[in-house]
>>> print(open('final_30.tsv').read())   # TSV, C-alpha atoms and all ligand atoms
chain	number	residue	atom	x	y	z
A	221	MET	CA	49.81	171.71	82.86
A	222	ILE	CA	48.06	174.52	81.04
A	223	LYS	CA	45.77	173.83	78.12
A	224	SER	CA	43.72	176.48	76.39
A	225	ARG	CA	41.27	176.54	73.49
A	226	LEU	CA	44.19	177.47	71.22
A	227	CYS	CA	45.87	174.15	72.05
A	228	ASP	CA	42.69	172.23	71.21
A	229	LEU	CA	42.03	174.10	67.97
A	230	VAL	CA	45.53	173.78	66.53
A	231	GLY	CA	46.76	170.60	68.23
A	232	ILE	CA	49.72	172.20	70.00
A	233	LYS	CA	50.92	171.36	73.48
A	234	TYR	CA	51.42	174.92	74.77
A	235	PRO	CA	49.29	178.01	74.02
A	236	ILE	CA	52.09	179.98	72.38
A	237	ILE	CA	52.68	181.09	68.79
A	238	GLN	CA	56.17	181.96	67.57
A	239	GLY	CA	55.40	185.13	65.64
A	240	GLY	CA	56.26	185.55	61.97
A	241	MET	CA	59.35	187.73	61.64
A	242	GLY	CA	60.01	188.60	58.03
A	243	PRO	CA	61.67	189.39	55.79
A	244	PHE	CA	64.60	188.07	57.78
A	245	GLY	CA	63.41	184.47	57.76
A	246	THR	CA	62.40	182.09	60.53
A	247	ASN	CA	62.82	178.79	58.73
A	248	LYS	CA	65.04	177.28	61.43
A	249	LEU	CA	63.19	178.98	64.27
A	250	CYS	CA	59.87	177.62	63.02
A	251	VAL	CA	61.23	174.07	63.12
A	252	ALA	CA	62.58	174.53	66.67
A	253	ALA	CA	59.33	176.13	67.85
A	254	SER	CA	57.06	173.47	66.43
A	255	ASN	CA	59.32	170.72	67.78
A	256	ALA	CA	59.09	172.41	71.21
A	257	GLY	CA	55.30	172.02	71.25
A	258	ILE	CA	54.22	175.54	70.29
A	259	LEU	CA	53.00	176.80	66.91
A	260	GLY	CA	56.00	177.55	64.69
A	261	LEU	CA	55.55	180.00	61.84
A	262	ILE	CA	57.48	180.29	58.60
A	263	SER	CA	57.88	183.98	57.75
A	264	SER	CA	57.18	184.36	54.07
A	265	SER	CA	57.88	187.97	53.19
A	266	GLY	CA	61.56	187.19	52.50
A	267	ILE	CA	60.42	185.75	49.18
A	268	ALA	CA	59.80	189.33	48.02
A	269	SER	CA	63.25	190.64	48.97
A	270	ASP	CA	65.19	189.37	45.94
A	271	GLU	CA	65.68	192.74	44.25
A	272	LYS	CA	66.26	195.16	47.13
A	273	GLN	CA	67.80	192.87	49.75
A	274	PRO	CA	69.59	190.00	47.97
A	275	GLU	CA	71.44	188.91	51.13
A	276	ILE	CA	68.18	188.42	52.98
A	277	TYR	CA	66.75	186.58	49.98
A	278	ASP	CA	69.74	184.31	49.77
A	279	TYR	CA	69.52	183.43	53.46
A	280	PHE	CA	65.74	182.99	53.29
A	281	CYS	CA	66.10	180.43	50.48
A	282	ARG	CA	69.14	178.54	51.72
A	283	SER	CA	67.94	178.22	55.33
A	284	GLY	CA	64.77	176.64	53.96
A	285	GLY	CA	66.71	174.13	51.86
A	286	ALA	CA	65.89	176.00	48.61
A	287	ASP	CA	68.05	177.20	45.74
A	288	PRO	CA	67.79	181.02	45.27
A	289	ARG	CA	68.22	180.57	41.50
A	290	ASP	CA	64.94	178.65	41.25
A	291	ASP	CA	61.59	180.25	40.56
A	292	LYS	CA	59.57	181.41	43.55
A	293	GLU	CA	57.07	178.59	43.61
A	294	THR	CA	59.86	175.99	43.57
A	295	ILE	CA	61.57	177.85	46.42
A	296	LEU	CA	58.39	177.93	48.53
A	297	ARG	CA	57.78	174.24	47.87
A	298	ALA	CA	61.29	173.38	49.05
A	299	ILE	CA	60.85	175.39	52.27
A	300	PHE	CA	57.45	173.85	53.05
A	301	ARG	CA	58.87	170.38	52.38
A	302	GLN	CA	61.97	170.88	54.53
A	303	THR	CA	59.84	172.10	57.45
A	304	LEU	CA	57.62	169.03	57.15
A	305	ASP	CA	60.64	166.71	57.15
A	306	GLN	CA	62.37	168.42	60.08
A	307	THR	CA	59.27	168.41	62.33
A	308	ARG	CA	58.22	164.83	61.58
A	309	ASP	CA	59.81	163.07	64.57
A	310	ALA	CA	58.18	165.40	67.09
A	311	GLY	CA	54.90	165.58	65.14
A	312	GLY	CA	55.28	169.38	65.22
A	313	ILE	CA	52.49	171.66	64.04
A	314	TYR	CA	53.43	174.64	61.92
A	315	GLY	CA	51.99	177.41	59.81
A	316	ILE	CA	52.96	180.39	57.75
A	317	ASN	CA	52.71	184.14	58.17
A	318	VAL	CA	51.68	185.94	55.00
A	319	MET	CA	51.56	189.71	54.80
A	320	VAL	CA	48.52	190.76	52.76
A	321	SER	CA	49.15	194.49	52.43
A	322	ALA	CA	48.37	195.97	48.99
A	323	GLU	CA	52.00	195.93	47.78
A	324	MET	CA	52.31	192.22	48.74
A	325	ASN	CA	49.06	191.13	47.05
A	326	GLU	CA	50.53	189.24	44.11
A	327	ILE	CA	53.17	187.42	46.12
A	328	ALA	CA	50.65	186.64	48.89
A	329	GLU	CA	48.48	184.92	46.30
A	330	LEU	CA	51.39	182.79	45.14
A	331	ILE	CA	52.33	181.81	48.71
A	332	ILE	CA	48.79	180.88	49.75
A	333	ARG	CA	48.06	179.02	46.51
A	334	THR	CA	51.31	177.03	46.82
A	335	MET	CA	50.46	176.19	50.44
A	336	ILE	CA	46.96	174.99	49.52
A	337	ASP	CA	48.21	172.95	46.51
A	338	MET	CA	50.93	171.22	48.52
A	339	ARG	CA	48.56	170.40	51.36
A	340	ASN	CA	46.22	168.79	48.82
A	341	GLU	CA	49.06	166.78	47.33
A	342	ILE	CA	50.63	165.57	50.62
A	343	PRO	CA	48.24	164.22	53.31
A	344	GLU	CA	50.87	164.53	56.06
A	345	MET	CA	51.14	168.21	55.28
A	346	LYS	CA	47.41	168.64	55.74
A	347	SER	CA	47.65	167.33	59.29
A	348	ARG	CA	50.69	169.38	60.37
A	349	PHE	CA	51.04	172.45	58.10
A	350	LYS	CA	47.74	173.66	59.48
A	351	VAL	CA	47.74	177.38	60.08
A	352	LEU	CA	47.61	180.49	57.90
A	353	VAL	CA	48.40	183.71	59.75
A	354	THR	CA	47.65	186.74	57.59
A	355	SER	CA	48.78	190.20	58.68
A	356	ALA	CA	49.38	193.81	57.66
A	357	GLY	CA	46.25	194.15	55.56
A	358	ASP	CA	42.55	193.51	55.14
A	359	PRO	CA	41.48	189.91	55.79
A	360	LEU	CA	38.13	190.19	53.97
A	361	PRO	CA	39.40	189.73	50.36
A	362	TRP	CA	40.96	186.39	51.43
A	363	ALA	CA	37.81	184.95	53.01
A	364	GLU	CA	36.57	183.05	49.95
A	365	THR	CA	39.95	181.41	49.33
A	366	VAL	CA	40.39	180.32	52.95
A	367	LYS	CA	36.79	179.12	53.29
A	368	GLN	CA	37.45	176.44	50.67
A	369	THR	CA	40.19	174.87	52.81
A	370	ASP	CA	40.45	173.26	56.25
A	371	LEU	CA	43.18	175.70	57.31
A	372	VAL	CA	43.01	177.33	60.72
A	373	TRP	CA	42.93	181.03	59.82
A	374	MET	CA	44.47	183.62	62.12
A	375	HIS	CA	44.89	187.32	61.42
A	376	VAL	CA	47.07	189.90	63.20
A	377	MET	CA	45.51	193.32	63.74
A	378	PRO	CA	45.71	196.33	66.10
A	379	SER	CA	42.18	197.56	66.97
A	380	VAL	CA	38.65	196.59	67.97
A	381	ARG	CA	37.40	197.85	64.60
A	382	ALA	CA	39.80	195.58	62.72
A	383	ALA	CA	38.88	192.68	65.04
A	384	LEU	CA	35.22	193.07	64.07
A	385	ARG	CA	36.22	193.00	60.40
A	386	CYS	CA	38.20	189.77	61.04
A	387	LYS	CA	35.14	188.23	62.60
A	388	LYS	CA	33.05	189.21	59.58
A	389	ALA	CA	35.65	187.56	57.32
A	390	GLY	CA	35.48	184.32	59.30
A	391	VAL	CA	38.91	184.49	60.94
A	392	GLU	CA	39.01	181.91	63.74
A	393	VAL	CA	41.87	183.30	65.80
A	394	ILE	CA	42.22	187.05	66.08
A	395	ILE	CA	45.69	188.14	67.16
A	396	ALA	CA	45.56	191.49	68.94
A	397	SER	CA	48.86	193.20	68.30
A	398	GLY	CA	49.73	195.78	70.97
A	399	HIS	CA	52.07	198.69	70.43
A	400	GLU	CA	54.81	197.12	72.57
A	401	GLY	CA	55.50	194.62	69.78
A	402	GLY	CA	58.56	194.39	67.58
A	403	PHE	CA	58.97	195.85	64.07
A	404	HIS	CA	55.74	197.01	62.37
A	405	VAL	CA	53.33	198.64	64.79
A	406	SER	CA	50.03	200.33	64.09
A	407	TRP	CA	49.67	203.97	63.05
A	408	GLU	CA	47.60	204.71	66.16
A	409	PRO	CA	49.17	203.26	69.31
A	410	VAL	CA	47.17	201.11	71.70
A	411	HIS	CA	49.13	198.79	74.01
A	412	SER	CA	48.27	195.21	74.97
A	413	MET	CA	46.96	196.08	78.44
A	414	VAL	CA	44.09	198.02	76.85
A	415	LEU	CA	43.83	196.41	73.42
A	416	LEU	CA	43.69	192.76	74.46
A	417	PRO	CA	40.73	192.90	76.90
A	418	ALA	CA	38.92	195.29	74.55
A	419	VAL	CA	39.26	192.84	71.66
A	420	VAL	CA	38.27	189.91	73.90
A	421	GLU	CA	35.13	191.76	74.97
A	422	ALA	CA	34.29	192.65	71.35
A	423	VAL	CA	34.79	189.34	69.53
A	424	SER	CA	35.60	186.35	71.73
A	425	ASP	CA	32.92	183.64	71.66
A	426	GLU	CA	32.63	179.88	71.15
A	427	LYS	CA	33.83	180.18	67.54
A	428	THR	CA	36.31	183.04	67.78
A	429	LEU	CA	39.52	182.91	69.80
A	430	VAL	CA	41.73	185.84	70.75
A	431	VAL	CA	45.51	185.77	71.14
A	432	GLY	CA	47.63	188.59	72.57
A	433	ALA	CA	50.82	189.83	70.88
A	434	GLY	CA	53.17	192.61	71.96
A	435	GLY	CA	55.09	192.51	75.24
A	436	PHE	CA	54.61	188.81	76.06
A	437	CYS	CA	57.88	187.12	76.83
A	438	ASP	CA	57.70	185.09	80.07
A	439	GLY	CA	55.40	183.42	82.59
A	440	LYS	CA	54.28	186.70	84.17
A	441	THR	CA	53.09	188.15	80.89
A	442	VAL	CA	51.50	184.87	79.71
A	443	ALA	CA	49.57	184.60	82.99
A	444	ALA	CA	48.48	188.21	82.49
A	445	ALA	CA	47.22	187.40	78.98
A	446	PHE	CA	44.99	184.66	80.41
A	447	ALA	CA	43.75	187.06	83.09
A	448	LEU	CA	42.85	189.51	80.31
A	449	GLY	CA	40.74	186.82	78.63
A	450	ALA	CA	43.10	185.61	75.88
A	451	ASP	CA	43.34	182.03	74.62
A	452	GLY	CA	47.09	182.29	74.13
A	453	VAL	CA	49.97	184.58	73.18
A	454	GLN	CA	52.20	185.28	70.20
A	455	MET	CA	55.84	186.11	70.91
A	456	GLY	CA	58.37	187.63	68.53
A	457	THR	CA	61.20	189.29	70.43
A	458	ARG	CA	61.53	186.42	72.95
A	459	PHE	CA	62.16	183.88	70.18
A	460	LEU	CA	64.30	186.22	68.09
A	461	SER	CA	66.92	185.87	70.82
A	462	THR	CA	67.27	182.08	70.94
A	463	THR	CA	70.04	179.74	69.88
A	464	GLU	CA	68.11	178.40	66.88
A	465	SER	CA	66.75	181.75	65.72
A	466	ASP	CA	67.75	182.63	62.16
A	467	PHE	CA	68.57	186.22	63.10
A	468	HIS	CA	72.11	187.53	62.80
A	469	GLN	CA	74.21	187.35	65.97
A	470	ILE	CA	74.38	191.18	66.05
A	471	TRP	CA	70.59	191.29	66.22
A	472	LYS	CA	70.28	188.67	68.96
A	473	GLU	CA	72.96	190.39	71.02
A	474	GLY	CA	71.18	193.72	70.52
A	475	VAL	CA	68.06	192.27	72.16
A	476	VAL	CA	70.02	190.76	75.05
A	477	GLU	CA	71.88	194.04	75.65
A	478	ALA	CA	68.78	196.26	75.49
A	479	GLN	CA	68.11	198.08	78.75
A	480	ASP	CA	65.36	200.14	80.33
A	481	ARG	CA	63.47	202.10	77.59
A	482	GLY	CA	65.54	200.27	75.00
A	483	THR	CA	63.35	200.77	71.93
A	484	LEU	CA	61.86	203.61	69.88
A	485	VAL	CA	59.34	204.00	67.07
A	486	ALA	CA	60.40	205.39	63.68
A	487	ARG	CA	59.66	204.68	60.02
A	488	GLY	CA	59.70	200.97	59.09
A	489	PHE	CA	59.32	200.75	55.30
A	490	VAL	CA	55.51	200.70	55.00
A	491	GLY	CA	54.70	202.51	58.28
A	492	PRO	CA	55.70	202.90	61.95
A	493	ALA	CA	58.11	200.33	63.36
A	494	ARG	CA	59.74	199.58	66.69
A	495	TRP	CA	63.54	199.48	66.65
A	496	LEU	CA	66.19	198.92	69.29
A	497	LYS	CA	67.44	202.29	70.50
A	498	THR	CA	70.90	203.02	69.07
A	499	PRO	CA	72.56	206.16	67.68
A	500	ARG	CA	71.60	204.90	64.20
A	501	SER	CA	67.90	204.43	65.08
A	502	GLU	CA	67.82	207.77	66.93
A	503	GLU	CA	69.04	209.45	63.74
A	504	HIS	CA	66.37	207.53	61.83
A	505	ALA	CA	63.71	208.78	64.28
A	506	LYS	CA	64.84	212.38	63.68
A	507	ASN	CA	64.61	211.83	59.90
A	508	THR	CA	61.17	210.27	60.36
A	509	LEU	CA	59.98	213.34	62.23
A	510	ILE	CA	61.04	215.55	59.33
A	511	LYS	CA	60.32	213.38	56.31
A	512	SER	CA	57.48	211.15	57.48
A	513	PRO	CA	55.71	212.89	60.39
A	514	GLY	CA	52.54	210.84	59.84
A	515	VAL	CA	54.34	208.05	61.71
A	516	TYR	CA	54.04	210.16	64.88
A	517	LEU	CA	50.72	211.80	64.05
A	518	GLY	CA	48.88	208.56	63.28
A	519	ILE	CA	48.29	209.62	59.68
A	520	PRO	CA	49.00	206.84	57.18
A	521	ASP	CA	50.77	207.96	54.01
A	522	ASP	CA	51.42	206.48	50.62
A	523	TYR	CA	54.60	204.43	50.87
A	524	THR	CA	55.32	204.95	47.18
A	525	THR	CA	55.26	208.76	47.34
A	526	ILE	CA	57.11	209.61	50.60
A	527	ASP	CA	60.70	210.84	50.48
A	528	GLN	CA	62.50	207.70	49.32
A	529	SER	CA	65.75	208.66	51.05
A	530	ILE	CA	64.24	207.47	54.32
A	531	ILE	CA	63.44	204.06	52.84
A	532	GLU	CA	66.93	203.88	51.32
A	533	TYR	CA	68.40	204.58	54.78
A	534	GLU	CA	66.44	201.61	56.12
A	535	ILE	CA	67.51	199.28	53.34
A	536	GLU	CA	71.13	200.32	53.86
A	537	SER	CA	70.75	199.74	57.62
A	538	ILE	CA	69.19	196.29	57.26
A	539	ASN	CA	71.83	195.27	54.71
A	540	ALA	CA	74.47	196.47	57.21
A	541	VAL	CA	73.31	193.78	59.65
A	542	TYR	CA	74.22	191.10	57.15
A	543	GLN	CA	77.56	192.74	56.49
A	544	GLY	CA	78.26	192.58	60.24
A	545	ASP	CA	78.36	196.39	60.54
A	546	LYS	CA	76.82	196.95	63.98
A	547	GLU	CA	77.06	200.73	63.93
A	548	LYS	CA	75.16	201.12	60.66
A	549	SER	CA	72.52	198.52	61.56
A	550	LEU	CA	68.88	199.09	62.38
A	551	LEU	CA	67.53	196.23	64.51
A	552	ALA	CA	63.79	195.76	64.96
A	553	ALA	CA	62.54	194.41	68.30
A	554	GLY	CA	59.75	194.87	70.81
A	555	GLU	CA	59.71	196.69	74.12
A	556	SER	CA	60.14	193.32	75.79
A	557	ALA	CA	63.79	193.40	74.65
A	558	GLN	CA	64.50	195.11	77.97
A	559	ARG	CA	63.19	191.99	79.72
A	560	VAL	CA	64.83	189.39	77.46
A	561	ASN	CA	68.33	188.89	78.81
A	562	ASP	CA	69.42	185.54	77.45
A	563	MET	CA	69.69	183.44	74.30
A	564	PRO	CA	68.39	179.97	75.27
A	565	MET	CA	67.37	176.97	73.17
A	566	VAL	CA	63.73	177.37	72.11
A	567	TYR	CA	62.67	174.19	73.94
A	568	ASP	CA	64.21	175.39	77.23
A	569	SER	CA	62.67	178.81	76.84
A	570	VAL	CA	59.19	177.33	76.30
A	571	GLN	CA	59.60	175.04	79.31
A	572	ASN	CA	60.69	177.98	81.52
A	573	ILE	CA	57.82	180.15	80.34
A	574	MET	CA	55.21	177.45	80.93
A	575	ARG	CA	56.66	176.50	84.33
A	576	GLU	CA	56.56	180.12	85.44
A	577	THR	CA	53.04	180.65	84.05
A	578	GLU	CA	51.77	177.58	85.87
A	579	GLY	CA	53.39	178.64	89.14
A	580	ILE	CA	51.78	182.08	88.92
A	581	LEU	CA	48.33	180.75	88.05
A	582	ARG	CA	48.54	178.20	90.88
A	583	SER	CA	49.45	180.92	93.37
A	584	MET	CA	46.52	183.15	92.38
A	585	PRO	CA	43.90	181.54	94.65
A	586	THR	CA	45.98	182.60	97.68
A	587	LEU	CA	44.88	186.16	96.90
A	588	LEU	CA	41.29	185.19	97.58
A	589	VAL	CA	40.14	185.56	101.16
B	601	LIG	C1	62.17	191.53	63.76
B	601	LIG	C2	60.69	191.35	63.71
B	601	LIG	C3	60.08	191.12	62.48
B	601	LIG	C4	58.70	190.95	62.39
B	601	LIG	N1	58.12	190.68	61.17
B	601	LIG	C5	56.79	190.39	61.10
B	601	LIG	C6	56.19	189.96	59.89
B	601	LIG	O1	56.85	189.79	58.86
B	601	LIG	N2	54.87	189.71	59.89
B	601	LIG	C7	54.09	189.87	61.01
B	601	LIG	O2	52.89	189.62	60.95
B	601	LIG	N3	54.65	190.26	62.18
B	601	LIG	C8	55.97	190.50	62.25
B	601	LIG	N4	56.54	190.82	63.46
B	601	LIG	C9	55.69	190.86	64.66
B	601	LIG	C10	55.70	189.50	65.39
B	601	LIG	O3	55.10	188.51	64.62
B	601	LIG	C11	54.97	189.57	66.73
B	601	LIG	O4	53.60	189.84	66.55
B	601	LIG	C12	55.57	190.62	67.65
B	601	LIG	O5	56.96	190.52	67.68
B	601	LIG	C13	55.00	190.43	69.05
B	601	LIG	O6	55.53	191.34	69.95
B	601	LIG	P1	56.86	191.07	70.83
B	601	LIG	O7	57.98	191.42	69.93
B	601	LIG	O8	56.69	191.99	71.97
B	601	LIG	O9	56.84	189.62	71.21
B	601	LIG	C14	57.91	191.01	63.56
B	601	LIG	C15	58.54	191.24	64.79
B	601	LIG	C16	59.91	191.39	64.88
B	601	LIG	C17	60.55	191.60	66.21
>>> encode(input="final_30.tsv", output="structure tokens", more="lines below")
Ligand SMILES: Cc1cc2nc3c(=O)[nH]c(=O)nc-3n(C[C@H](O)[C@H](O)[C@H](O)COP(=O)(O)O)c2cc1C
Amino acid sequence: MIKSRLCDLVGIKYPIIQGGMGPFGTNKLCVAASNAGILGLISSSGIASDEKQPEIYDYFCRSGGADPRDDKETILRAIFRQTLDQTRDAGGIYGINVMVSAEMNEIAELIIRTMIDMRNEIPEMKSRFKVLVTSAGDPLPWAETVKQTDLVWMHVMPSVRAALRCKKAGVEVIIASGHEGGFHVSWEPVHSMVLLPAVVEAVSDEKTLVVGAGGFCDGKTVAAAFALGADGVQMGTRFLSTTESDFHQIWKEGVVEAQDRGTLVARGFVGPARWLKTPRSEEHAKNTLIKSPGVYLGIPDDYTTIDQSIIEYEIESINAVYQGDKEKSLLAAGESAQRVNDMPMVYDSVQNIMRETEGILRSMPTLLV
């Protein structure tokens, strides 16, 4: 059995986090993950998709047991409540991923406030809805709010510099997000093999844990994360392609079918993103090169002033997924899609990953002479 500091801090059985994957929704996946003994995350950014992506919004609400016609706080409350109810028997631990980029500021405040209020009202929620994972922005402005709670605070970021800022803000678990990862990736690419040990060396101590994200999908990669000094891993693509995952069948199949060099980076709404390689995404990459070259030059731009036709193309392509139009779809996933070849139940997947990790770690001493 493998137990890391992440297990002790959060109260989970296995040192794995099911990554937030919005705006598509992970309400069902979060329940399956937390019932399987890992940290399940609700992905909250779907709550902001009502105007531009009504199909996503509708699914986000309904899969969480909420009525899309209600106001946003009522919807969030219903989702948090349903997750609590559906993880009770297994005593599952869960959290929420909240994107805190500038354009999400207002909605992030509503989500975090609703989470804190509900945890204060319901003691059982305090003991199981334990983790706030912020991402896609600066953690520092949120430090005062989080400090007044007993939440375990994690933040996803892509560099040593950002890791030091997390530490200054009081983040307890710093998630180092390598460029292999699915969907949004950083403007300046650094992959897990370099990023993770660099972040461990810079910030890991008795109070600060480090988790690797990007490319982790099986026992080999989890064992590697421990060798690189991590306390655990976060996986997105692996859990996207599971039976319980909320993602559309087209998307799951896309991951399973991905082959060698099966992804590319192109525009992804607010910045660079990793997509499954298809004729549609290759066309999108060509458009990105022309209309949003900063994605390839590592120069962040202002999302509100770039050529909006590229964003419209993305919205059309994401909506196409929900209309079952495979050819017009853009499907986000990580490089590990080329290594994910099945669609198991989450519990079985976790068991396989942990069994393989344990086997590898046990065999390591044979290398020593
Ligand atoms: C489809 C998709 C959507 C994602 N959406 C979010 C998100 O809303 N917030 C976030 O912090 N990370 C998001 N991620 C990143 C994951 O949480 C995770 O860090 C990443 O997938 C890890 O890399 P992997 O795909 O190689 O496992 C997303 C990833 C995927 C594949």
>>> residues_around(input="final_30.tsv", residues="Leu296 in chain A", least_positions_apart="2", cutoff="9 Å", atoms="all atoms listed in the file", output="ChimeraX atom specification")
/A:264,267,281,284,286,291-294,298-301,331,334-335
>>> residues_around(input="final_30.tsv", residues="range 312-326 of chain A", least_positions_apart="6", cutoff="9 Å", atoms="all atoms listed in the file", output="PyMOL selection string")
chain A and resi 230-232+239-242+250-251+253-265+268+303-304+306+332+335+347-359+362
>>> write_last_selection(input="final_30.tsv", atoms="C-alpha atoms", output="JSON list (two decimals), in the coordinates of the input")
[["chain", "number", "residue", "atom", "x", "y", "z"],
["A", 230, "VAL", "CA", 45.53, 173.78, 66.53],
["A", 231, "GLY", "CA", 46.76, 170.60, 68.23],
["A", 232, "ILE", "CA", 49.72, 172.20, 70.00],
["A", 239, "GLY", "CA", 55.40, 185.13, 65.64],
["A", 240, "GLY", "CA", 56.26, 185.55, 61.97],
["A", 241, "MET", "CA", 59.35, 187.73, 61.64],
["A", 242, "GLY", "CA", 60.01, 188.60, 58.03],
["A", 250, "CYS", "CA", 59.87, 177.62, 63.02],
["A", 251, "VAL", "CA", 61.23, 174.07, 63.12],
["A", 253, "ALA", "CA", 59.33, 176.13, 67.85],
["A", 254, "SER", "CA", 57.06, 173.47, 66.43],
["A", 255, "ASN", "CA", 59.32, 170.72, 67.78],
["A", 256, "ALA", "CA", 59.09, 172.41, 71.21],
["A", 257, "GLY", "CA", 55.30, 172.02, 71.25],
["A", 258, "ILE", "CA", 54.22, 175.54, 70.29],
["A", 259, "LEU", "CA", 53.00, 176.80, 66.91],
["A", 260, "GLY", "CA", 56.00, 177.55, 64.69],
["A", 261, "LEU", "CA", 55.55, 180.00, 61.84],
["A", 262, "ILE", "CA", 57.48, 180.29, 58.60],
["A", 263, "SER", "CA", 57.88, 183.98, 57.75],
["A", 264, "SER", "CA", 57.18, 184.36, 54.07],
["A", 265, "SER", "CA", 57.88, 187.97, 53.19],
["A", 268, "ALA", "CA", 59.80, 189.33, 48.02],
["A", 303, "THR", "CA", 59.84, 172.10, 57.45],
["A", 304, "LEU", "CA", 57.62, 169.03, 57.15],
["A", 306, "GLN", "CA", 62.37, 168.42, 60.08],
["A", 332, "ILE", "CA", 48.79, 180.88, 49.75],
["A", 335, "MET", "CA", 50.46, 176.19, 50.44],
["A", 347, "SER", "CA", 47.65, 167.33, 59.29],
["A", 348, "ARG", "CA", 50.69, 169.38, 60.37],
["A", 349, "PHE", "CA", 51.04, 172.45, 58.10],
["A", 350, "LYS", "CA", 47.74, 173.66, 59.48],
["A", 351, "VAL", "CA", 47.74, 177.38, 60.08],
["A", 352, "LEU", "CA", 47.61, 180.49, 57.90],
["A", 353, "VAL", "CA", 48.40, 183.71, 59.75],
["A", 354, "THR", "CA", 47.65, 186.74, 57.59],
["A", 355, "SER", "CA", 48.78, 190.20, 58.68],
["A", 356, "ALA", "CA", 49.38, 193.81, 57.66],
["A", 357, "GLY", "CA", 46.25, 194.15, 55.56],
["A", 358, "ASP", "CA", 42.55, 193.51, 55.14],
["A", 359, "PRO", "CA", 41.48, 189.91, 55.79],
["A", 362, "TRP", "CA", 40.96, 186.39, 51.43]]
>>> closest_residue(input="final_30.tsv", among="A:Ala540, A:Val490, A:Val376, A:Ile394", to="ligand LIG 601 (chain B)", atoms="all atoms listed in the file")
A:Val376
>>> residues_near_point(input="final_30.tsv", point="(52.6, 211.9, 64.6)", cutoff="12 Å", atoms="all atoms listed in the file", output="list in words")
Ser406, Trp407, Glu408, Pro409, Val485, Ala486, Arg487, Gly491, Pro492, Ala505, Thr508, Leu509, Ile510, Lys511, Ser512, Pro513, Gly514, Val515, Tyr516, Leu517, Gly518, Ile519, Pro520 and Asp521 of chain A
>>> residues_around(input="final_30.tsv", residues="Leu551 in chain A", least_positions_apart="6", cutoff="8 Å", atoms="only C-alpha atoms", output="JSON, numbers by chain")
{"A": [471, 474, 495, 496, 538, 541]}
>>> write_last_selection(input="final_30.tsv", atoms="C-alpha atoms", output="PDB file, keeping the file's coordinate frame")
ATOM      1  CA  TRP A 471      70.590 191.290  66.220  1.00  0.00           C
ATOM      2  CA  GLY A 474      71.180 193.720  70.520  1.00  0.00           C
ATOM      3  CA  TRP A 495      63.540 199.480  66.650  1.00  0.00           C
ATOM      4  CA  LEU A 496      66.190 198.920  69.290  1.00  0.00           C
ATOM      5  CA  ILE A 538      69.190 196.290  57.260  1.00  0.00           C
ATOM      6  CA  VAL A 541      73.310 193.780  59.650  1.00  0.00           C
TER       7      VAL A 541
END
>>> closest_residue(input="final_30.tsv", among="A:Leu460, A:Ala557, A:Val430, A:Ile580", to="Pro417 in chain A", atoms="only C-alpha atoms")
A:Val430
>>> atom_distance(input="final_30.tsv", atom1="CA of Ala433 in chain A", atom2="CA of His504 in chain A")
25.2 Å
>>> closest_residue(input="final_30.tsv", among="A:Pro378, A:Gly402, A:Gly449, A:Gly482", to="Gly434 in chain A", atoms="all atoms listed in the file")
A:Gly402
>>> residues_near_point(input="final_30.tsv", point="(42.7, 188.3, 84.5)", cutoff="12 Å", atoms="all atoms listed in the file", output="ChimeraX atom specification")
/A:413,416-417,420,440-451,580-581,584
>>> closest_residue(input="final_30.tsv", among="A:Pro235, A:Gly439, A:Pro274, A:Gly401", to="ligand LIG 601 (chain B)", atoms="only C-alpha atoms and all ligand atoms")
A:Gly401
>>> atom_distance(input="final_30.tsv", atom1="CA of Lys387 in chain A", atom2="CA of Lys427 in chain A")
9.5 Å
>>> atom_distance(input="final_30.tsv", atom1="CA of Ile222 in chain A", atom2="CA of Asp438 in chain A")
14.3 Å
>>> closest_residue(input="final_30.tsv", among="A:Ile336, A:Leu429, A:Ile342, A:Leu229", to="Lys367 in chain A", atoms="all atoms listed in the file")
A:Ile336
>>> closest_residue(input="final_30.tsv", among="A:Glu329, A:Glu547, A:Glu536, A:Glu477", to="Glu502 in chain A", atoms="all atoms listed in the file")
A:Glu547
>>> residues_around(input="final_30.tsv", residues="Leu249 in chain A", least_positions_apart="2", cutoff="7 Å", atoms="all atoms listed in the file", output="ChimeraX atom specification")
/A:246-247,251-253,464-466
